[in-house]
>>> print(open('final.tsv').read())   # TSV, C-alpha atoms and all ligand atoms
chain	number	residue	atom	x	y	z
A	1	MET	CA	-38.52	-64.74	-27.86
A	2	MET	CA	-35.61	-66.43	-29.53
A	3	LEU	CA	-32.25	-65.99	-28.01
A	4	THR	CA	-29.19	-66.43	-30.15
A	5	MET	CA	-26.53	-68.35	-28.32
A	6	LYS	CA	-23.26	-66.54	-28.59
A	7	ARG	CA	-20.10	-68.40	-27.89
A	8	THR	CA	-17.28	-66.42	-26.39
A	9	ARG	CA	-14.02	-66.87	-28.22
A	10	ARG	CA	-10.58	-66.20	-26.90
A	11	LYS	CA	-8.34	-64.46	-29.44
A	12	THR	CA	-4.86	-62.99	-29.59
A	13	CYS	CA	-4.45	-59.55	-31.17
A	14	PRO	CA	-1.88	-59.84	-34.04
A	15	CYS	CA	-0.42	-56.38	-33.34
A	16	CYS	CA	0.34	-56.59	-29.63
A	17	GLY	CA	-0.31	-60.19	-28.62
A	18	GLU	CA	-2.94	-59.18	-26.09
A	19	VAL	CA	-5.51	-61.90	-25.37
A	20	PHE	CA	-9.15	-60.79	-25.47
A	21	GLU	CA	-12.58	-62.35	-25.56
A	22	THR	CA	-15.18	-61.76	-28.23
A	23	THR	CA	-18.42	-63.26	-29.46
A	24	ARG	CA	-17.68	-62.18	-33.00
A	25	LYS	CA	-16.26	-64.88	-35.21
A	26	ASP	CA	-14.66	-62.44	-37.67
A	27	LYS	CA	-13.02	-60.25	-35.07
A	28	VAL	CA	-9.24	-60.40	-35.34
A	29	TYR	CA	-7.94	-57.30	-33.56
A	30	LEU	CA	-8.65	-55.99	-30.08
A	31	ASP	CA	-10.24	-52.92	-31.68
A	32	ALA	CA	-10.01	-50.70	-34.79
A	33	THR	CA	-7.04	-48.74	-33.41
A	34	HIS	CA	-5.01	-51.94	-33.06
A	35	GLN	CA	-5.94	-52.97	-36.60
A	36	LYS	CA	-4.87	-49.59	-37.98
A	37	HIS	CA	-1.52	-49.62	-36.17
A	38	HIS	CA	-0.79	-53.10	-37.40
A	39	ASN	CA	-1.75	-52.32	-41.02
A	40	ASN	CA	0.43	-49.20	-40.99
A	41	ALA	CA	3.40	-51.14	-39.63
A	42	VAL	CA	3.04	-53.77	-42.37
A	43	GLN	CA	2.79	-51.08	-45.06
A	44	ASN	CA	5.87	-49.24	-43.74
A	45	ARG	CA	7.94	-52.41	-43.74
A	46	LYS	CA	6.92	-53.08	-47.36
A	47	ARG	CA	7.73	-49.53	-48.42
A	48	ASP	CA	11.16	-49.56	-46.76
A	49	LYS	CA	12.03	-52.80	-48.51
A	50	ASN	CA	11.02	-51.49	-51.95
A	51	LEU	CA	12.89	-48.25	-51.37
A	52	SER	CA	16.17	-49.94	-50.46
A	53	LEU	CA	15.87	-52.24	-53.48
A	54	THR	CA	15.40	-49.28	-55.80
A	55	LYS	CA	18.32	-47.44	-54.21
A	56	GLU	CA	20.72	-50.35	-54.89
A	57	HIS	CA	19.44	-50.75	-58.45
A	58	THR	CA	19.84	-47.04	-59.13
A	59	LYS	CA	23.37	-47.00	-57.74
A	60	THR	CA	24.51	-49.84	-60.02
A	61	TYR	CA	22.62	-48.34	-62.96
A	62	GLN	CA	24.43	-45.02	-62.52
A	63	ILE	CA	27.81	-46.80	-62.51
A	64	PHE	CA	26.94	-48.48	-65.84
A	65	ARG	CA	25.55	-45.24	-67.26
A	66	LYS	CA	28.61	-43.22	-66.34
A	67	LEU	CA	30.95	-45.59	-68.20
A	68	LEU	CA	28.64	-46.19	-71.14
A	69	ARG	CA	28.27	-42.47	-71.89
A	70	ASN	CA	27.06	-42.17	-75.48
A	71	ASN	CA	28.29	-45.58	-76.63
A	72	SER	CA	25.77	-48.25	-77.53
A	73	ASP	CA	27.66	-50.84	-75.50
A	74	ILE	CA	30.69	-51.31	-73.29
A	75	THR	CA	32.50	-54.49	-72.22
A	76	ARG	CA	34.59	-54.73	-69.07
A	77	SER	CA	35.69	-57.56	-66.80
A	78	VAL	CA	33.45	-58.56	-63.91
A	79	ASP	CA	36.29	-57.52	-61.56
A	80	PHE	CA	36.32	-54.07	-63.15
A	81	TRP	CA	32.58	-53.56	-62.63
A	82	GLU	CA	32.69	-54.84	-59.08
A	83	GLY	CA	35.68	-52.62	-58.40
A	84	LYS	CA	33.53	-49.67	-59.44
A	85	GLY	CA	30.93	-50.73	-56.87
A	86	ALA	CA	28.39	-52.31	-59.22
A	87	ASP	CA	26.26	-55.14	-57.82
A	88	LEU	CA	26.05	-57.58	-60.74
A	89	SER	CA	23.34	-59.66	-59.08
A	90	LEU	CA	20.78	-56.90	-59.55
A	91	PHE	CA	18.31	-56.74	-62.42
A	92	THR	CA	14.83	-55.38	-63.05
A	93	GLY	CA	13.70	-57.81	-65.72
A	94	ALA	CA	14.70	-60.35	-68.37
A	95	GLU	CA	14.13	-60.54	-72.10
A	96	MET	CA	15.05	-62.79	-75.02
A	97	ILE	CA	17.71	-60.94	-77.05
A	98	ASP	CA	19.35	-62.68	-80.04
A	99	GLY	CA	17.94	-65.97	-78.79
A	100	GLU	CA	19.52	-65.56	-75.36
A	101	GLN	CA	17.76	-64.94	-72.06
A	102	THR	CA	19.22	-61.56	-71.09
A	103	PHE	CA	18.98	-59.72	-67.80
A	104	LEU	CA	17.94	-56.09	-67.86
A	105	LEU	CA	18.60	-53.21	-65.53
A	106	PHE	CA	16.04	-50.59	-66.50
A	107	ASP	CA	16.92	-49.77	-70.16
A	108	LEU	CA	20.28	-51.58	-70.18
A	109	ALA	CA	20.92	-55.19	-71.17
A	110	LEU	CA	23.50	-57.07	-69.09
A	111	ILE	CA	25.28	-59.70	-71.18
A	112	LEU	CA	27.66	-61.93	-69.25
A	113	ASN	CA	30.39	-63.80	-71.15
A	114	ASP	CA	32.70	-65.76	-68.88
A	115	ASN	CA	34.43	-63.08	-66.82
A	116	PHE	CA	33.26	-60.18	-68.95
A	117	LEU	CA	30.08	-58.20	-68.71
A	118	THR	CA	28.75	-56.19	-71.63
A	119	ILE	CA	26.35	-53.34	-70.91
A	120	LYS	CA	24.21	-52.58	-73.90
A	121	GLN	CA	21.79	-49.74	-74.44
A	122	LEU	CA	18.39	-51.13	-75.48
B	201	ZN	ZN	-3.29	-55.12	-30.54
>>> encode(input="final.tsv", output="C-alpha cells")
Amino acid sequence: MMLTMKRTRRKTCPCCGEVFETTRKDKVYLDATHQKHHNNAVQNRKRDKNLSLTKEHTKTYQIFRKLLRNNSDITRSVDFWEGKGADLSLFTGAEMIDGEQTFLLFDLALILNDNFLTIKQL
C-alpha cells in the first residue's frame, strides 16, 4: 500500500489572524465560516465606498442642475460654485469636446477657464 506523505503546514487565517495547521496546500481560511465572514466584510467595505462616492457626485450634480435649469450652459466663478457647496474635483468621466479634454459629471460637461467654470448640458 502506498502512503501519501502529507506535510503539515502552519497558516494564519486572514479574517481573524488565528494560526492553524493543515495538510492542504490550498487551504487559506480556518474553515468555510471564516471565509464567508471575511468575504462579506470585504464586499461591505467596497459597497460603502462606492455609495459615498455616488452621494458626493449626486450632491454636486444637483447644485449644477439647480442653477442650470433649462439653459444649455451656465458660467460662474469657481468661488461661486464652491460657495454653493459644489466639489469641483469630482467627475464621472472625460471626453474630447471641441478638441479639449473635458471632464464630465453624468450628462454635464465641466469646462474650466481660469477662475471660471462653465457647466454645459451635453
Ligand atoms: Zn478566521
>>> closest_residue(input="final.tsv", among="A:Thr12, A:Asn50, A:Asn70, A:Asn115", to="Glu82 of chain A", atoms="all atoms listed in the file")
A:Asn115
>>> atom_distance(input="final.tsv", atom1="atom CA of Asp114 of chain A", atom2="atom CA of Glu95 of chain A")
19.6 Å
>>> residues_near_ligand(input="final.tsv", ligand="ligand ZN 201 (chain B)", cutoff="10 Å", atoms="only C-alpha atoms and all ligand atoms", output="list of chain:residue names")
A:Thr12, A:Cys13, A:Pro14, A:Cys15, A:Cys16, A:Gly17, A:Glu18, A:Val19, A:Phe20, A:Val28, A:Tyr29, A:Leu30, A:Asp31, A:Ala32, A:Thr33, A:His34, A:Gln35, A:Lys36, A:His37, A:His38
>>> write_last_selection(input="final.tsv", atoms="C-alpha atoms", output="PDB file, keeping the file's coordinate frame")
ATOM      1  CA  THR A  12      -4.860 -62.990 -29.590  1.00  0.00           C
ATOM      2  CA  CYS A  13      -4.450 -59.550 -31.170  1.00  0.00           C
ATOM      3  CA  PRO A  14      -1.880 -59.840 -34.040  1.00  0.00           C
ATOM      4  CA  CYS A  15      -0.420 -56.380 -33.340  1.00  0.00           C
ATOM      5  CA  CYS A  16       0.340 -56.590 -29.630  1.00  0.00           C
ATOM      6  CA  GLY A  17      -0.310 -60.190 -28.620  1.00  0.00           C
ATOM      7  CA  GLU A  18      -2.940 -59.180 -26.090  1.00  0.00           C
ATOM      8  CA  VAL A  19      -5.510 -61.900 -25.370  1.00  0.00           C
ATOM      9  CA  PHE A  20      -9.150 -60.790 -25.470  1.00  0.00           C
ATOM     10  CA  VAL A  28      -9.240 -60.400 -35.340  1.00  0.00           C
ATOM     11  CA  TYR A  29      -7.940 -57.300 -33.560  1.00  0.00           C
ATOM     12  CA  LEU A  30      -8.650 -55.990 -30.080  1.00  0.00           C
ATOM     13  CA  ASP A  31     -10.240 -52.920 -31.680  1.00  0.00           C
ATOM     14  CA  ALA A  32     -10.010 -50.700 -34.790  1.00  0.00           C
ATOM     15  CA  THR A  33      -7.040 -48.740 -33.410  1.00  0.00           C
ATOM     16  CA  HIS A  34      -5.010 -51.940 -33.060  1.00  0.00           C
ATOM     17  CA  GLN A  35      -5.940 -52.970 -36.600  1.00  0.00           C
ATOM     18  CA  LYS A  36      -4.870 -49.590 -37.980  1.00  0.00           C
ATOM     19  CA  HIS A  37      -1.520 -49.620 -36.170  1.00  0.00           C
ATOM     20  CA  HIS A  38      -0.790 -53.100 -37.400  1.00  0.00           C
TER      21      HIS A  38
END
>>> atom_distance(input="final.tsv", atom1="atom CA of Asp48 of chain A", atom2="atom CA of Asp87 of chain A")
19.5 Å
>>> closest_residue(input="final.tsv", among="A:Asn44, A:Asp107, A:Arg7, A:Phe116", to="Gln62 of chain A", atoms="all atoms listed in the file")
A:Asp107
>>> residues_near_point(input="final.tsv", point="(16.9, -46.2, -70.7)", cutoff="8 Å", atoms="all atoms listed in the file", output="ChimeraX atom specification")
/A:106-108,121-122
>>> residues_around(input="final.tsv", residues="Thr22 of chain A", least_positions_apart="3", cutoff="10 Å", atoms="all atoms listed in the file", output="JSON, numbers by chain")
{"A": [6, 7, 8, 9, 10, 11, 25, 26, 27, 28, 30]}
>>> write_last_selection(input="final.tsv", atoms="C-alpha atoms", output="short mmCIF file (atom, residue, chain, number, x, y, z; two decimals), in the coordinates of the input")
data_model
loop_
_atom_site.label_atom_id
_atom_site.label_comp_id
_atom_site.auth_asym_id
_atom_site.auth_seq_id
_atom_site.Cartn_x
_atom_site.Cartn_y
_atom_site.Cartn_z
CA LYS A 6 -23.26 -66.54 -28.59
CA ARG A 7 -20.10 -68.40 -27.89
CA THR A 8 -17.28 -66.42 -26.39
CA ARG A 9 -14.02 -66.87 -28.22
CA ARG A 10 -10.58 -66.20 -26.90
CA LYS A 11 -8.34 -64.46 -29.44
CA LYS A 25 -16.26 -64.88 -35.21
CA ASP A 26 -14.66 -62.44 -37.67
CA LYS A 27 -13.02 -60.25 -35.07
CA VAL A 28 -9.24 -60.40 -35.34
CA LEU A 30 -8.65 -55.99 -30.08
#
>>> atom_distance(input="final.tsv", atom1="atom CA of Lys84 of chain A", atom2="atom CA of Arg47 of chain A")
28.1 Å
>>> axis_aligned_box(input="final.tsv", around="segment 83-94 of chain A", padding_each_side="8 Å", output="JSON")
{"center_x": 24.7, "center_y": -55.0, "center_z": -62.6, "size_x": 38.0, "size_y": 26.7, "size_z": 27.5}
>>> closest_residue(input="final.tsv", among="A:Leu104, A:Leu112, A:Ala86, A:Leu51", to="Lys66 of chain A", atoms="all atoms listed in the file")
A:Ala86
>>> closest_residue(input="final.tsv", among="A:Asn40, A:Gly99, A:Ala94, A:Trp81", to="Arg65 of chain A", atoms="only C-alpha atoms")
A:Trp81
